[in-house]
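Pasted below: my_file-v7.txt, compact mmCIF, C-alpha atoms.
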# COMPACT_ATOMS: atom_id res chain seq x y z
CA MET U 1 3.65 -15.13 13.97
CA ASN U 2 2.40 -12.33 11.75
CA GLU U 3 2.23 -9.86 14.63
CA TRP U 4 5.71 -10.90 15.69
CA ALA U 5 7.16 -10.36 12.21
CA TYR U 6 5.47 -6.96 12.03
CA THR U 7 6.98 -5.85 15.34
CA ALA U 8 10.40 -7.17 14.37
CA ALA U 9 10.25 -5.34 11.03
CA PHE U 10 9.22 -2.12 12.77
CA PHE U 11 12.12 -2.22 15.18
CA ILE U 12 14.60 -3.15 12.44
CA PHE U 13 13.48 -0.25 10.24
CA ALA U 14 13.36 2.15 13.18
CA ALA U 15 16.85 1.11 14.26
CA VAL U 16 18.20 1.50 10.71
CA THR U 17 16.61 4.94 10.39
CA VAL U 18 17.83 6.28 13.74
CA ALA U 19 21.30 4.73 13.48
CA SER U 20 21.91 6.11 10.00
CA ALA U 21 20.54 9.52 11.02
CA VAL U 22 23.03 9.59 13.91
CA GLY U 23 25.73 8.51 11.47
CA VAL U 24 24.87 11.43 9.14
CA VAL U 25 25.63 13.86 11.95
CA THR U 26 28.68 12.17 13.45
CA LYS U 27 30.54 10.81 10.40
CA ASN U 28 33.75 12.58 9.54
CA ASP U 29 33.47 12.22 5.77
CA LEU U 30 30.85 14.12 3.78
CA VAL U 31 30.40 11.26 1.29
CA HIS U 32 29.72 8.77 4.09
CA SER U 33 27.19 11.20 5.55
CA SER U 34 25.28 11.54 2.30
CA LEU U 35 25.24 7.78 1.69
CA LEU U 36 23.97 7.23 5.25
CA LEU U 37 21.29 9.81 4.52
CA ALA U 38 20.16 7.63 1.61
CA LEU U 39 20.02 4.64 3.98
CA CYS U 40 17.97 6.75 6.40
CA PHE U 41 15.47 7.45 3.60
CA VAL U 42 15.24 3.71 2.86
CA GLY U 43 14.45 3.07 6.54
CA VAL U 44 11.70 5.70 6.50
CA SER U 45 10.17 4.13 3.39
CA GLY U 46 10.18 0.79 5.21
CA LEU U 47 8.23 2.44 8.04
CA TYR U 48 5.73 3.76 5.45
CA VAL U 49 5.24 0.21 4.18
CA LEU U 50 4.48 -0.93 7.72
CA LEU U 51 1.87 1.85 7.93
CA GLN U 52 0.29 0.37 4.77
CA ALA U 53 1.09 3.52 2.77
CA ASP U 54 2.59 1.68 -0.18
CA PHE U 55 2.46 4.58 -2.64
CA LEU U 56 4.10 6.93 -0.16
CA ALA U 57 6.84 4.35 0.36
CA ALA U 58 7.43 4.16 -3.40
CA VAL U 59 7.48 7.96 -3.67
CA GLN U 60 9.89 8.12 -0.74
CA LEU U 61 12.26 5.79 -2.60
CA LEU U 62 11.76 7.51 -5.95
CA VAL U 63 12.06 11.14 -4.87
CA TYR U 64 14.19 11.02 -1.74
CA ASN U 65 16.58 8.25 -2.72
CA GLY U 66 16.41 8.76 -6.47
CA ALA U 67 16.70 12.53 -6.45
CA ILE U 68 17.45 14.17 -3.09
CA ALA U 69 20.22 11.75 -2.13
CA ILE U 70 21.68 12.14 -5.62
CA VAL U 71 21.64 15.92 -5.15
CA PHE U 72 23.60 15.53 -1.92
CA VAL U 73 26.17 13.21 -3.50
CA LEU U 74 26.52 15.56 -6.45
CA GLY U 75 26.77 18.46 -4.02
CA THR U 76 29.81 16.90 -2.34
CA MET U 77 31.41 16.75 -5.79
CA LEU U 78 31.10 20.52 -6.03
CA THR U 79 32.63 21.26 -2.63
CA ARG U 80 36.27 21.95 -2.08
CA ARG U 81 37.99 19.41 0.11
CA SER U 82 39.34 21.06 3.23
CA ILE U 83 43.00 20.75 4.16
CA ARG U 84 42.08 19.02 7.36
CA HIS U 85 41.45 15.28 7.23
CA GLY U 86 37.70 15.24 7.43
CA THR U 87 35.32 17.00 5.10
CA ASN U 88 32.56 17.01 7.68
CA HIS U 89 34.63 17.80 10.75
CA SER U 90 32.31 18.01 13.70
CA GLU U 91 34.87 18.89 16.39
CA ALA U 92 35.54 22.32 14.86
CA ASP U 93 31.90 23.33 14.86
CA ALA U 94 30.70 21.37 17.86
CA PRO U 95 27.39 22.79 19.08
CA SER U 96 27.61 25.25 21.89
CA ARG U 97 25.92 24.61 25.23
CA LEU U 98 23.12 27.01 24.33
CA ILE U 99 22.24 25.13 21.13
CA GLY U 100 22.43 21.83 23.03
CA LEU U 101 20.10 23.23 25.67
CA ILE U 102 17.59 24.51 23.09
CA SER U 103 17.50 21.21 21.18
CA GLY U 104 17.23 19.29 24.44
CA LEU U 105 14.30 21.50 25.41
CA PHE U 106 12.70 20.88 22.03
CA VAL U 107 13.02 17.11 22.45
CA ALA U 108 11.60 17.32 25.98
CA VAL U 109 8.61 19.40 24.84
CA THR U 110 7.91 17.08 21.89
CA LEU U 111 8.07 13.99 24.10
CA GLY U 112 5.83 15.70 26.63
CA VAL U 113 3.25 16.55 23.97
CA ILE U 114 3.34 12.99 22.63
CA ALA U 115 2.89 11.57 26.13
CA THR U 116 0.02 13.85 27.15
CA THR U 117 -2.00 13.91 23.89
CA PRO U 118 -5.12 11.73 24.08
CA TRP U 119 -4.69 9.76 20.84
CA ASN U 120 -7.87 8.78 19.03
CA TYR U 121 -7.42 5.49 17.21
CA SER U 122 -9.30 5.26 13.93
CA SER U 123 -11.34 2.10 13.57
CA ALA U 124 -11.34 2.33 9.76
CA GLY U 125 -9.30 -0.34 8.01
CA ALA U 126 -6.30 0.46 5.85
CA VAL U 127 -7.08 1.52 2.28
CA GLN U 128 -6.18 -1.14 -0.24
CA ASP U 129 -4.63 -0.08 -3.55
CA THR U 130 -3.73 3.46 -2.44
CA PRO U 131 -2.32 4.71 -5.80
CA ALA U 132 -5.68 4.23 -7.56
CA VAL U 133 -7.55 6.13 -4.83
CA LEU U 134 -4.95 8.91 -4.79
CA GLY U 135 -4.98 9.14 -8.58
CA ARG U 136 -8.75 9.50 -8.70
CA LEU U 137 -8.70 12.14 -5.97
CA ILE U 138 -6.00 14.38 -7.44
CA LEU U 139 -7.56 14.23 -10.91
CA THR U 140 -11.07 15.12 -9.75
CA ASP U 141 -11.52 16.72 -6.32
CA TYR U 142 -8.02 18.14 -5.93
CA MET U 143 -7.28 19.09 -9.53
CA ILE U 144 -6.63 22.75 -8.66
CA ALA U 145 -4.11 21.65 -6.05
CA MET U 146 -2.37 19.54 -8.68
CA GLU U 147 -2.10 22.44 -11.11
CA VAL U 148 -0.82 24.65 -8.28
CA ALA U 149 1.80 21.98 -7.64
CA ALA U 150 2.83 22.33 -11.28
CA VAL U 151 3.24 26.09 -10.79
CA LEU U 152 5.28 25.41 -7.63
CA LEU U 153 7.53 23.00 -9.53
CA LEU U 154 7.90 25.61 -12.28
CA ALA U 155 8.94 28.21 -9.71
CA ALA U 156 11.46 25.77 -8.23
CA MET U 157 12.87 24.99 -11.65
CA ILE U 158 13.24 28.67 -12.63
CA GLY U 159 14.80 29.37 -9.25
CA ALA U 160 17.32 26.59 -9.81
CA ILE U 161 18.23 27.93 -13.24
CA VAL U 162 18.62 31.50 -11.96
CA LEU U 163 20.77 30.31 -9.04
CA ALA U 164 23.04 28.09 -11.12
CA LYS U 165 23.39 30.67 -13.90
CA GLY U 166 24.17 33.37 -11.35
CA VAL U 167 27.02 31.26 -10.04
CA ASP U 168 28.31 30.80 -13.56
CA GLU U 169 28.62 34.52 -14.27
CA GLU U 170 30.85 35.26 -11.29
CA MET W 1 -0.82 -6.07 1.24
CA LEU W 2 1.67 -6.50 4.08
CA GLN W 3 1.84 -10.17 3.13
CA GLU W 4 3.11 -9.21 -0.33
CA PHE W 5 5.64 -6.85 1.22
CA GLY W 6 6.72 -9.79 3.36
CA ASN W 7 8.07 -11.34 0.16
CA VAL W 8 10.00 -8.12 -0.50
CA GLY W 9 11.36 -8.35 3.03
CA LEU W 10 12.46 -11.92 2.39
CA LEU W 11 14.30 -10.75 -0.72
CA LEU W 12 15.90 -7.95 1.33
CA ILE W 13 17.15 -10.47 3.87
CA VAL W 14 18.60 -12.68 1.11
CA ALA W 15 20.22 -9.62 -0.48
CA LEU W 16 21.79 -8.74 2.88
CA VAL W 17 22.91 -12.24 3.84
CA PHE W 18 24.33 -13.31 0.48
CA PRO W 19 27.13 -10.71 0.17
CA LEU W 20 27.91 -11.05 3.88
CA LEU W 21 28.31 -14.82 3.43
CA ALA W 22 30.37 -14.46 0.26
CA LEU W 23 32.69 -11.78 1.66
CA GLY W 24 32.79 -13.44 5.09
CA THR W 25 33.91 -16.76 3.62
CA ALA W 26 36.55 -14.97 1.57
CA PHE W 27 37.68 -13.14 4.72
CA LEU W 28 38.11 -16.43 6.57
CA LEU W 29 39.84 -18.33 3.76
CA ARG W 30 42.11 -15.72 2.18
CA PRO W 31 45.85 -15.58 2.87
CA ARG W 32 46.92 -12.35 4.55
CA ASP W 33 49.76 -10.69 2.66
CA PRO W 34 49.11 -6.95 2.33
CA GLY W 35 51.16 -4.72 0.07
CA VAL W 36 51.12 -1.25 -1.47
CA GLU W 37 50.39 -2.60 -4.95
CA LYS W 38 47.37 -4.48 -3.66
CA SER W 39 45.72 -1.41 -2.11
CA LEU W 40 45.83 0.54 -5.39
CA PRO W 41 42.63 0.81 -7.41
CA TYR W 42 42.32 -2.36 -9.44
CA GLU W 43 41.80 -2.00 -13.19
CA CYS W 44 40.60 1.59 -12.85
CA GLY W 45 42.72 3.21 -15.53
CA VAL W 46 45.77 5.35 -14.98
CA ASP W 47 46.89 6.03 -11.40
CA THR W 48 45.69 9.40 -10.13
CA VAL W 49 48.04 12.37 -9.91
CA GLY W 50 47.55 14.81 -7.03
CA THR W 51 44.46 14.83 -4.85
CA THR W 52 41.45 12.84 -5.96
CA TRP W 53 38.98 15.35 -4.57
CA VAL W 54 38.71 18.18 -7.07
CA GLN W 55 36.06 20.84 -7.12
CA PHE W 56 33.72 20.79 -10.09
CA ARG W 57 32.02 23.90 -11.38
CA ALA W 58 28.95 24.74 -9.34
CA SER W 59 26.83 25.29 -12.45
CA TYR W 60 26.56 21.50 -12.84
CA PHE W 61 24.31 21.58 -9.78
CA LEU W 62 21.63 22.96 -12.09
CA TYR W 63 21.14 19.53 -13.65
CA ALA W 64 20.58 17.96 -10.24
CA LEU W 65 18.04 20.61 -9.25
CA VAL W 66 16.09 20.38 -12.52
CA PHE W 67 16.19 16.60 -12.19
CA VAL W 68 14.56 16.83 -8.75
CA ALA W 69 11.74 18.98 -10.19
CA PHE W 70 11.07 16.48 -12.98
CA ASP W 71 11.34 13.58 -10.56
CA VAL W 72 8.57 15.07 -8.43
CA GLU W 73 6.57 15.50 -11.60
CA THR W 74 6.76 11.75 -12.32
CA VAL W 75 4.89 11.11 -9.08
CA PHE W 76 1.87 12.95 -10.52
CA LEU W 77 2.34 11.30 -13.92
CA TYR W 78 2.33 7.88 -12.28
CA LEU W 79 -0.96 8.53 -10.50
CA TRP W 80 -2.46 9.85 -13.73
CA ALA W 81 -1.30 6.79 -15.69
CA ILE W 82 -3.09 4.47 -13.26
CA LYS W 83 -6.44 6.24 -13.56
CA PHE W 84 -6.10 7.38 -17.18
CA GLN W 85 -8.52 4.89 -18.74
CA GLU W 86 -11.18 5.41 -16.11
CA LEU W 87 -11.24 9.21 -16.23
CA GLY W 88 -10.65 9.64 -19.96
CA THR W 89 -10.51 12.99 -21.77
CA PHE W 90 -10.97 15.13 -18.68
CA ALA W 91 -7.91 13.72 -16.99
CA PHE W 92 -6.01 13.90 -20.28
CA VAL W 93 -6.69 17.64 -20.66
CA GLU W 94 -5.81 18.16 -17.00
CA MET W 95 -2.47 16.41 -17.35
CA PHE W 96 -1.87 18.34 -20.57
CA ILE W 97 -2.24 21.63 -18.64
CA PHE W 98 0.02 20.25 -15.89
CA LEU W 99 2.72 19.30 -18.37
CA SER W 100 2.49 22.54 -20.34
CA ILE W 101 3.04 24.56 -17.15
CA LEU W 102 6.21 22.54 -16.57
CA LEU W 103 7.23 22.84 -20.22
CA VAL W 104 7.44 26.62 -19.66
CA GLY W 105 10.24 25.84 -17.20
CA LEU W 106 12.00 23.63 -19.71
CA GLY W 107 11.63 26.34 -22.38
CA TYR W 108 13.10 28.89 -19.97
CA ALA W 109 16.03 26.57 -19.29
CA TRP W 110 16.54 26.15 -23.02
CA LYS W 111 16.37 29.88 -23.69
CA LYS W 112 18.84 30.59 -20.89
CA GLY W 113 21.24 28.13 -22.46
CA ALA W 114 21.11 25.94 -19.38
CA LEU W 115 20.80 22.79 -21.46
CA GLU W 116 24.11 23.34 -23.20
CA TRP W 117 26.90 21.25 -21.74
CA LYS W 118 29.91 23.48 -21.44
As structure tokens, what does this structure read like?
Amino acid sequence: MNEWAYTAAFFIFAAVTVASAVGVVTKNDLVHSSLLLALCFVGVSGLYVLLQADFLAAVQLLVYNGAIAIVFVLGTMLTRRSIRHGTNHSEADAPSRLIGLISGLFVAVTLGVIATTPWNYSSAGAVQDTPAVLGRLILTDYMIAMEVAAVLLLAAMIGAIVLAKGVDEE
Amino acid sequence: MLQEFGNVGLLLIVALVFPLLALGTAFLLRPRDPGVEKSLPYECGVDTVGTTWVQFRASYFLYALVFVAFDVETVFLYLWAIKFQELGTFAFVEMFIFLSILLVGLGYAWKKGALEWK
């Protein structure tokens, strides 16, 4: 029963993720695309839960749905609606054969690598209470990495301010 | 742990089924009599004039970008808050350094006048 529910949940989340990702590309309206992107992120966080990475799932919801998806929705607000019906018209910039070929090749190579890699399965059980373990690690062993992350965030923030202010002065 | 998330899954299913049932029943029972008046926004203020899709100034995007940076910061704050009592002063000083690095960014935004809503 448990195994069955797990498999069912995996396929439901995988289907939601892939279907919404396809929708992001094919939808005609930019707003629909960005909302489907949010749904895609929810599906990915469901997959993280199934991998017993509960903190990663929470972060996925918090950062990707709470912030990145919001950025996309806000970004559509700043775009100018085109005269044509759709805002995300895919017929006009349909991929050329060359791009199709390259992406197809990429998919084929990736699938080939996945199929031929000898996967080593870890026998260690899943870590319970992952946030506590992660918290202890980043505050002791990986403290330098955490401070570097702060510097990276600072750089991102200053970059954002410079970009947005530069737009303002035009 | 997955057992506990099973309860979340149950809640998700209820949250999916309930609106479908409510709207589905309404769809089956309602009389069909469409009209122009009925497709207007209901109780949403004055009717719009011109196109509804206007372009806002791109400088508002700044708030979204700064928000993303602070949102990523909360991830670290959350981990610190869990282990705060166990690690004590050391972790406190560490998080203080972390936050003061980010405060430089906030100070820069302030100095640049980015926090003023124009």
For chain W, list the residues within 9 Å of chain U, counting only C-alpha atoms, and write the list as a ChimeraX atom specification. /W:1-3,5-6,9,53-73,75-76,78-84,86-87,90-91,94-95,97-99,101-106,108-109,112,114
Need the shell around U:Leu61: protein/DNA/RNA residues with any atom at most 8 Å away, counting all atoms listed in the file. Skip same-chain ones fewer than 6 positions apart. Format as a PyMOL selection string? chain U and resi 41-42+45
One-decimal distance in Å that lies between atom CA of W:Val36 and atom CA of W:Val49: 16.3 Å
Grab the atom CA of U:Thr110 to atom CA of U:Ala15 distance for me, in Å with one decimal place.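 Calculated distance between atom CA of U:Thr110 and atom CA of U:Ala15 is 19.8 Å.
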Just the number, please: distance in Å from atom CA of W:Arg30 to atom CA of W:Cys44, one decimal.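 That distance, rounded to one decimal, is 23.0 Å.
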Selection as a list in words: residues within 7 Å of (8.1, 1.3, 11.9), counting only C-alpha atoms: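 Collected hits near the coordinates: Phe10, Phe11, Phe13, Ala14, Leu47 and Leu50 of chain U.
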